[in-house]
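K.L.:
One structure coming up, written as structure tokens, with questions to follow.
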Amino acid sequence: MRAPGAPSLAFWGMVGRFPIAMRSIGCLMLISAVTGSLGDAGLVAAAMLVSQGVAAPFLGRLADRHSQRRVLLGACLGHAVGMTLLLLAVGLELPLGMMVAAAVLTGCTSVSFTGFMRARWASFVDQRTLRTAYAMESMLDDTIFLLGPLLVTVLSSSVHPAGGLVACAVLTVTGSVFVALHRRSEPAGAQRPGERPRRAIGVPAVWVLMITYAGMGFLFGAIDVTMIAFAEERSAPGLAGVLLALIAVGSLFAGIAYGAVDWRVSQVTLLVFTTSVLTLSAVPLAFAGSLPVMAVLAVVAGVAVSPALIAGSTLLESVAPKGALSEAFSWLNSFGAMGIASGTAVGGRLADVGTSAHAAWAGAAGGLVALVLSLVGQPVLRAGRPAARPAPDMTAAEH
């Protein structure tokens, strides 16, 4: 944070991605309040999330080719239009298809702000402090997921049902503009004359990390369901939010500690270690017998979250093509989000037919997938960053 421009980059980056923890809740609260249908609200929110997950890597690719600044400014304009259309469609009670179409437009213009910020830090700081920068980003993410749901709930319930989504639009546009204008952190293209940059999606090491993140995301989603189902089983559904917040608290403090240590082992080893702890920490959740015990275990389960994500982010920076970091981080976040969605769906189904313990075991299974991938993929991950491919010799081709 001593580097010139670092505080403003961190602040506006946090502003820009605050809506990540707010959009779905704001959408659910607004549409259910206007239409009375939670099913319709869930469909619109899902359309927004799925379209965002699909579009984000392509927006990242555009940022690598044409600069983050152009993509951020163009996308935030499109996002404002999409959000306005969504608010109008809901306010005028237009057919569900119109709401879904507006939600898809909103999602397709939502860049992976988390990925863009990590690409900027990789360009802004040197390798010695990069892990610390990623630790700070992870801590800010935890803070966002602690405060974001509270903020959107207060705005939607106490101010106006549309207040949450309006705040999301304002935060997205404001954060995007100020980050785009932060020229010092703008990732520079790594393409040299005579080279054709590789796409991140074509690098085996990136695929290993993407699937590893999907496994971790599955664990996160299943554990979220575990906490909610456990609280309901104890006739205290209101405490589900407390249990989820305790996971974030454990992750927050673990991120502080992890980022402060100058680790002397390789990033691949750190990824294996953190995914091991992450997987093992999910197992005791299946045996919790009371709310106080589950509260302690929730903090323990959160301890490995930030370190695992930081290790994965740091490793991705070292294996992804230098000129494709925005795309690489966008793919990583999209796979993580798909993992969370899958873990939530599977965990919810298992909790319905069984108990919260079944959802916890599903989470441990997702963590096991991440652990196995981090072990099996070690040779690929240790190979390092791929070189750019030579551009075709057009002169020779003409002759």
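Just so we're on the same page: first chain in the structure tokens is A, next is B, and so on; residues restart at 1 for each chain, and ligands are numbered from 1 in the order they show up.
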Check stretch 63-287 of chain A with DSSP on the backbone and list each residue it calls helix (DSSP H, G or I), as JSON, numbers by chain.
P.N.:
{"A": [63, 64, 65, 66, 68, 69, 70, 71, 72, 73, 74, 75, 76, 77, 78, 79, 80, 81, 82, 83, 84, 85, 86, 87, 88, 89, 90, 91, 96, 97, 98, 99, 100, 101, 102, 103, 104, 105, 106, 107, 108, 113, 114, 115, 116, 117, 118, 119, 120, 121, 122, 123, 124, 127, 128, 129, 130, 131, 132, 133, 134, 135, 136, 137, 138, 139, 140, 141, 142, 143, 144, 145, 146, 147, 148, 149, 150, 151, 152, 153, 154, 155, 156, 157, 158, 159, 163, 164, 165, 166, 167, 168, 169, 170, 171, 172, 173, 174, 175, 176, 177, 178, 179, 180, 183, 184, 185, 200, 201, 202, 204, 205, 206, 207, 208, 209, 210, 211, 212, 213, 214, 215, 216, 217, 218, 219, 220, 221, 222, 223, 224, 225, 226, 227, 228, 229, 230, 231, 232, 233, 237, 238, 239, 240, 241, 242, 243, 244, 245, 246, 247, 248, 249, 250, 251, 252, 253, 254, 255, 256, 257, 258, 259, 260, 267, 268, 269, 270, 271, 272, 273, 274, 275, 276, 277, 278, 279, 280, 281, 282, 283, 284, 285, 286, 287]}
K.L.:
Excluding A:Gly312 and its own-chain neighbours fewer than 3 positions away, which residues fall within 9 Å of it when counting only C-alpha atoms? Please give them as a PDB file with N, CA, C and O atoms, in the first residue's frame.
P.N.:
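Listed below is the output, result.pdb:
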```
ATOM      1  N   LEU A 209      -5.902 -25.478 -12.973  1.00  0.00           N
ATOM      2  CA  LEU A 209      -6.346 -24.536 -11.947  1.00  0.00           C
ATOM      3  C   LEU A 209      -7.843 -24.247 -12.060  1.00  0.00           C
ATOM      4  O   LEU A 209      -8.530 -24.075 -11.041  1.00  0.00           O
ATOM      5  N   THR A 212      -9.571 -27.164 -10.545  1.00  0.00           N
ATOM      6  CA  THR A 212      -9.313 -27.107  -9.102  1.00  0.00           C
ATOM      7  C   THR A 212     -10.221 -26.076  -8.444  1.00  0.00           C
ATOM      8  O   THR A 212     -10.806 -26.317  -7.388  1.00  0.00           O
ATOM      9  N   TYR A 213     -10.361 -24.922  -9.076  1.00  0.00           N
ATOM     10  CA  TYR A 213     -11.240 -23.874  -8.546  1.00  0.00           C
ATOM     11  C   TYR A 213     -12.700 -24.313  -8.580  1.00  0.00           C
ATOM     12  O   TYR A 213     -13.482 -23.954  -7.695  1.00  0.00           O
ATOM     13  N   GLN A 267       4.805 -22.399  -4.883  1.00  0.00           N
ATOM     14  CA  GLN A 267       3.374 -22.132  -4.935  1.00  0.00           C
ATOM     15  C   GLN A 267       2.581 -23.418  -5.179  1.00  0.00           C
ATOM     16  O   GLN A 267       1.462 -23.558  -4.683  1.00  0.00           O
ATOM     17  N   VAL A 268       3.161 -24.362  -5.929  1.00  0.00           N
ATOM     18  CA  VAL A 268       2.472 -25.634  -6.172  1.00  0.00           C
ATOM     19  C   VAL A 268       2.296 -26.389  -4.859  1.00  0.00           C
ATOM     20  O   VAL A 268       1.215 -26.939  -4.575  1.00  0.00           O
ATOM     21  N   LEU A 270       2.217 -25.057  -1.878  1.00  0.00           N
ATOM     22  CA  LEU A 270       1.245 -24.311  -1.078  1.00  0.00           C
ATOM     23  C   LEU A 270      -0.181 -24.617  -1.522  1.00  0.00           C
ATOM     24  O   LEU A 270      -1.099 -24.708  -0.691  1.00  0.00           O
ATOM     25  N   LEU A 271      -0.390 -24.773  -2.827  1.00  0.00           N
ATOM     26  CA  LEU A 271      -1.728 -25.103  -3.319  1.00  0.00           C
ATOM     27  C   LEU A 271      -2.163 -26.473  -2.795  1.00  0.00           C
ATOM     28  O   LEU A 271      -3.313 -26.642  -2.361  1.00  0.00           O
ATOM     29  N   PRO A 307      -6.339 -18.702   2.048  1.00  0.00           N
ATOM     30  CA  PRO A 307      -5.046 -19.231   1.606  1.00  0.00           C
ATOM     31  C   PRO A 307      -5.127 -20.069   0.332  1.00  0.00           C
ATOM     32  O   PRO A 307      -4.261 -19.978  -0.533  1.00  0.00           O
ATOM     33  N   ALA A 308      -6.182 -20.887   0.197  1.00  0.00           N
ATOM     34  CA  ALA A 308      -6.315 -21.712  -1.003  1.00  0.00           C
ATOM     35  C   ALA A 308      -6.541 -20.845  -2.241  1.00  0.00           C
ATOM     36  O   ALA A 308      -5.936 -21.077  -3.306  1.00  0.00           O
ATOM     37  N   LEU A 309      -7.383 -19.828  -2.117  1.00  0.00           N
ATOM     38  CA  LEU A 309      -7.649 -18.940  -3.246  1.00  0.00           C
ATOM     39  C   LEU A 309      -6.415 -18.096  -3.591  1.00  0.00           C
ATOM     40  O   LEU A 309      -6.137 -17.848  -4.766  1.00  0.00           O
ATOM     41  N   LEU A 315      -0.386 -18.777  -8.339  1.00  0.00           N
ATOM     42  CA  LEU A 315       0.095 -19.789  -9.273  1.00  0.00           C
ATOM     43  C   LEU A 315      -0.383 -19.497 -10.689  1.00  0.00           C
ATOM     44  O   LEU A 315       0.367 -19.668 -11.662  1.00  0.00           O
ATOM     45  N   LEU A 316      -1.623 -19.045 -10.819  1.00  0.00           N
ATOM     46  CA  LEU A 316      -2.141 -18.725 -12.149  1.00  0.00           C
ATOM     47  C   LEU A 316      -1.315 -17.624 -12.806  1.00  0.00           C
ATOM     48  O   LEU A 316      -1.033 -17.679 -14.009  1.00  0.00           O
ATOM     49  N   GLU A 317      -0.928 -16.628 -12.026  1.00  0.00           N
ATOM     50  CA  GLU A 317      -0.125 -15.534 -12.583  1.00  0.00           C
ATOM     51  C   GLU A 317       1.189 -16.047 -13.154  1.00  0.00           C
ATOM     52  O   GLU A 317       1.712 -15.491 -14.113  1.00  0.00           O
TER      53      GLU A 317
END
```
K.L.:
Could you tell me how far atom CA of A:Pro57 lies from atom CA of A:Asn333, in Å and to one decimal?
P.N.:
8.8 Å
K.L.:
Could you pull the residues within 8 Å of A:Ala328, counting only C-alpha atoms, minus those fewer than 4 positions along the same chain, as a PyMOL selection string?
P.N.:
chain A and resi 57+60+115+200-201+206+316+320+324+332
K.L.:
Between atom CA of A:Arg17 and atom CA of A:Phe329, what is the distance in Å, rounded to a tenth?
P.N.:
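Going from atom CA of A:Arg17 over to atom CA of A:Phe329 covers 14.4 Å.
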K.L.:
Rank nothing, just name the residue among A:Tyr134, A:Gly91, A:Phe253, A:Ser334 nearest to A:Ala311, using only C-alpha atoms.
P.N.:
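Using only C-alpha atoms, A:Ala311 sits closest to A:Tyr134.
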K.L.:
In Å, how far is it from atom CA of A:His66 to atom CA of A:Gly323?
P.N.:
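It comes out at 10.9 Å.
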K.L.:
Restricting the calculation to only C-alpha atoms: of A:Thr275, A:Ser176, A:Ser112, A:Ser138, which residue gets closest to A:Gly367?
P.N.:
A:Thr275
K.L.:
If you count only C-alpha atoms, which residues fall within 9 Å of A:Arg118, apart from same-chain ones fewer than 3 positions away, as a ChimeraX atom specification?
P.N.:
/A:113-115,121-123,133-134,137,313,317,325-326,329
K.L.:
Write a file of the just-selected residues containing N, CA and C atoms, as a PDB file, in the first residue's frame.
P.N.:
```
ATOM      1  N   PHE A 113     -14.681  -8.553 -12.263  1.00  0.00           N
ATOM      2  CA  PHE A 113     -13.923  -7.492 -11.603  1.00  0.00           C
ATOM      3  C   PHE A 113     -12.801  -8.072 -10.750  1.00  0.00           C
ATOM      4  N   THR A 114     -13.083  -9.200 -10.110  1.00  0.00           N
ATOM      5  CA  THR A 114     -12.047  -9.841  -9.301  1.00  0.00           C
ATOM      6  C   THR A 114     -10.856 -10.231 -10.163  1.00  0.00           C
ATOM      7  N   GLY A 115     -11.126 -10.803 -11.345  1.00  0.00           N
ATOM      8  CA  GLY A 115     -10.045 -11.177 -12.252  1.00  0.00           C
ATOM      9  C   GLY A 115      -9.299  -9.984 -12.792  1.00  0.00           C
ATOM     10  N   TRP A 121      -2.955  -6.009 -10.320  1.00  0.00           N
ATOM     11  CA  TRP A 121      -1.925  -6.108  -9.283  1.00  0.00           C
ATOM     12  C   TRP A 121      -0.681  -6.817  -9.814  1.00  0.00           C
ATOM     13  N   ALA A 122      -0.873  -7.806 -10.678  1.00  0.00           N
ATOM     14  CA  ALA A 122       0.276  -8.497 -11.268  1.00  0.00           C
ATOM     15  C   ALA A 122       1.115  -7.541 -12.108  1.00  0.00           C
ATOM     16  N   SER A 123       0.477  -6.539 -12.683  1.00  0.00           N
ATOM     17  CA  SER A 123       1.192  -5.545 -13.481  1.00  0.00           C
ATOM     18  C   SER A 123       1.751  -4.416 -12.617  1.00  0.00           C
ATOM     19  N   ALA A 133      -0.356  -8.802  -2.184  1.00  0.00           N
ATOM     20  CA  ALA A 133      -1.432  -8.077  -2.866  1.00  0.00           C
ATOM     21  C   ALA A 133      -2.647  -8.981  -3.064  1.00  0.00           C
ATOM     22  N   TYR A 134      -2.397 -10.225  -3.444  1.00  0.00           N
ATOM     23  CA  TYR A 134      -3.504 -11.165  -3.615  1.00  0.00           C
ATOM     24  C   TYR A 134      -4.170 -11.482  -2.274  1.00  0.00           C
ATOM     25  N   GLU A 137      -6.461  -8.688  -1.613  1.00  0.00           N
ATOM     26  CA  GLU A 137      -7.652  -8.818  -2.444  1.00  0.00           C
ATOM     27  C   GLU A 137      -8.623  -9.844  -1.860  1.00  0.00           C
ATOM     28  N   SER A 313      -4.433 -18.116  -7.145  1.00  0.00           N
ATOM     29  CA  SER A 313      -4.262 -16.882  -7.913  1.00  0.00           C
ATOM     30  C   SER A 313      -2.791 -16.619  -8.209  1.00  0.00           C
ATOM     31  N   GLU A 317      -0.928 -16.628 -12.026  1.00  0.00           N
ATOM     32  CA  GLU A 317      -0.125 -15.534 -12.583  1.00  0.00           C
ATOM     33  C   GLU A 317       1.189 -16.047 -13.154  1.00  0.00           C
ATOM     34  N   LEU A 325      -3.672 -12.400 -18.926  1.00  0.00           N
ATOM     35  CA  LEU A 325      -3.997 -12.549 -17.511  1.00  0.00           C
ATOM     36  C   LEU A 325      -5.465 -12.225 -17.220  1.00  0.00           C
ATOM     37  N   SER A 326      -6.000 -11.192 -17.863  1.00  0.00           N
ATOM     38  CA  SER A 326      -7.406 -10.852 -17.618  1.00  0.00           C
ATOM     39  C   SER A 326      -8.311 -12.009 -18.022  1.00  0.00           C
ATOM     40  N   PHE A 329      -7.774 -15.051 -15.416  1.00  0.00           N
ATOM     41  CA  PHE A 329      -8.472 -14.864 -14.147  1.00  0.00           C
ATOM     42  C   PHE A 329      -9.986 -14.912 -14.323  1.00  0.00           C
TER      43      PHE A 329
END
```
K.L.:
Would you tabulate, counting only C-alpha atoms, all residues of stretch 243-298 of chain A that have an atom at most 10 Å from an atom of stretch 223-231 of chain A, showing the closest pair of atoms and their distance in Å to one decimal, sorted by chain then ascending number, as a tab-separated table?
P.N.:
```
residue	atom	partner	partner_atom	distance
A:Leu243	CA	A:Met227	CA	6.2
A:Leu244	CA	A:Asp224	CA	6.6
A:Ile247	CA	A:Asp224	CA	9.2
A:Ala282	CA	A:Ile223	CA	7.5
A:Leu285	CA	A:Thr226	CA	8.0
A:Ala286	CA	A:Thr226	CA	8.5
A:Ala288	CA	A:Phe230	CA	8.9
A:Gly289	CA	A:Phe230	CA	9.5
A:Ser290	CA	A:Phe230	CA	9.0
A:Leu291	CA	A:Ala231	CA	7.5
A:Met294	CA	A:Met227	CA	8.3
A:Ala295	CA	A:Met227	CA	9.3
A:Ala298	CA	A:Met227	CA	8.3
```
K.L.:
Could the residues in this selection be written to a file with all heavy atoms, as a short mmCIF file (atom, residue, chain, number, x, y, z; two decimals), in the first residue's frame?
P.N.:
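What follows is the written file selection_26.cif:
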```
data_model
loop_
_atom_site.label_atom_id
_atom_site.label_comp_id
_atom_site.auth_asym_id
_atom_site.auth_seq_id
_atom_site.Cartn_x
_atom_site.Cartn_y
_atom_site.Cartn_z
N LEU A 243 -23.68 -18.12 11.00
CA LEU A 243 -22.73 -19.20 10.70
C LEU A 243 -21.95 -18.91 9.41
O LEU A 243 -20.74 -19.13 9.35
CB LEU A 243 -23.47 -20.53 10.57
CG LEU A 243 -24.15 -21.05 11.84
CD1 LEU A 243 -24.93 -22.32 11.54
CD2 LEU A 243 -23.12 -21.31 12.93
N LEU A 244 -22.65 -18.40 8.40
CA LEU A 244 -21.97 -18.06 7.14
C LEU A 244 -20.99 -16.91 7.35
O LEU A 244 -19.89 -16.90 6.77
CB LEU A 244 -23.01 -17.68 6.09
CG LEU A 244 -23.94 -18.81 5.61
CD1 LEU A 244 -25.03 -18.27 4.71
CD2 LEU A 244 -23.13 -19.89 4.90
N ILE A 247 -17.69 -18.14 8.80
CA ILE A 247 -16.78 -18.69 7.79
C ILE A 247 -15.95 -17.57 7.18
O ILE A 247 -14.72 -17.68 7.02
CB ILE A 247 -17.56 -19.44 6.69
CG1 ILE A 247 -18.26 -20.67 7.28
CG2 ILE A 247 -16.62 -19.87 5.56
CD1 ILE A 247 -19.13 -21.41 6.27
N ALA A 282 -13.82 -29.50 6.07
CA ALA A 282 -15.25 -29.71 5.80
C ALA A 282 -15.79 -30.95 6.49
O ALA A 282 -17.00 -31.04 6.74
CB ALA A 282 -15.48 -29.81 4.29
N LEU A 285 -17.79 -30.78 9.93
CA LEU A 285 -19.11 -30.16 9.84
C LEU A 285 -20.22 -31.21 9.83
O LEU A 285 -21.34 -30.93 10.25
CB LEU A 285 -19.21 -29.29 8.59
CG LEU A 285 -18.19 -28.15 8.45
CD1 LEU A 285 -18.40 -27.41 7.13
CD2 LEU A 285 -18.29 -27.19 9.62
N ALA A 286 -19.90 -32.40 9.35
CA ALA A 286 -20.90 -33.47 9.29
C ALA A 286 -21.21 -34.05 10.67
O ALA A 286 -22.20 -34.78 10.82
CB ALA A 286 -20.43 -34.58 8.35
N ALA A 288 -21.16 -32.08 13.67
CA ALA A 288 -21.53 -31.05 14.64
C ALA A 288 -22.86 -31.41 15.30
O ALA A 288 -23.82 -31.79 14.62
CB ALA A 288 -21.62 -29.69 13.97
N GLY A 289 -22.91 -31.27 16.63
CA GLY A 289 -24.13 -31.64 17.34
C GLY A 289 -24.91 -30.48 17.91
O GLY A 289 -26.04 -30.67 18.38
N SER A 290 -24.34 -29.29 17.90
CA SER A 290 -25.03 -28.14 18.47
C SER A 290 -24.60 -26.88 17.75
O SER A 290 -23.56 -26.86 17.06
CB SER A 290 -24.73 -28.01 19.97
OG SER A 290 -23.35 -27.72 20.17
N LEU A 291 -25.36 -25.82 17.93
CA LEU A 291 -25.04 -24.56 17.27
C LEU A 291 -23.70 -23.97 17.74
O LEU A 291 -22.93 -23.49 16.91
CB LEU A 291 -26.18 -23.56 17.48
CG LEU A 291 -27.41 -23.79 16.61
CD1 LEU A 291 -28.59 -22.95 17.11
CD2 LEU A 291 -27.11 -23.44 15.15
N MET A 294 -21.00 -25.92 15.97
CA MET A 294 -20.97 -25.58 14.55
C MET A 294 -20.37 -24.19 14.33
O MET A 294 -19.68 -23.94 13.33
CB MET A 294 -22.36 -25.66 13.95
CG MET A 294 -22.41 -25.35 12.45
SD MET A 294 -21.39 -26.48 11.45
CE MET A 294 -22.59 -27.75 11.04
N ALA A 295 -20.62 -23.25 15.25
CA ALA A 295 -20.06 -21.91 15.13
C ALA A 295 -18.53 -21.96 15.15
O ALA A 295 -17.85 -21.29 14.35
CB ALA A 295 -20.58 -21.02 16.26
N ALA A 298 -17.33 -23.53 11.95
CA ALA A 298 -17.47 -22.63 10.81
C ALA A 298 -16.24 -21.74 10.68
O ALA A 298 -15.74 -21.51 9.57
CB ALA A 298 -18.73 -21.77 10.98
#
```
K.L.:
Identify, on the basis of only C-alpha atoms, every residue whose closest approach to stretch 342-354 of chain A does not exceed 8 Å; exclude the query and any residue fewer than 4 positions from it along the same chain; express the result as an NGL selection string.
P.N.:
:A and (217-226 or 229 or 338 or 358-360 or 362-363 or 366)
K.L.:
Would you give me, as a tab-separated table, each residue of stretch 144-231 of chain A having an atom within 10 Å of an atom of stretch 30-53 of chain A, along with its shortest atom pair and that distance in Å to one decimal, using only C-alpha atoms and sorting by chain and residue number?
P.N.:
```
residue	atom	partner	partner_atom	distance
A:Ser156	CA	A:Leu30	CA	7.1
A:Ser157	CA	A:Leu30	CA	9.1
A:His160	CA	A:Leu30	CA	8.6
A:Pro161	CA	A:Leu30	CA	4.9
A:Ala162	CA	A:Leu30	CA	5.6
A:Gly163	CA	A:Leu30	CA	8.5
A:Gly164	CA	A:Leu30	CA	8.1
A:Leu165	CA	A:Leu30	CA	8.1
```
K.L.:
Select, from A:Leu368, A:Ala169, A:Met29, A:Gly5, the residue with the minimum atom-to-atom distance to A:Ile211, counting only C-alpha atoms.
P.N.:
A:Leu368
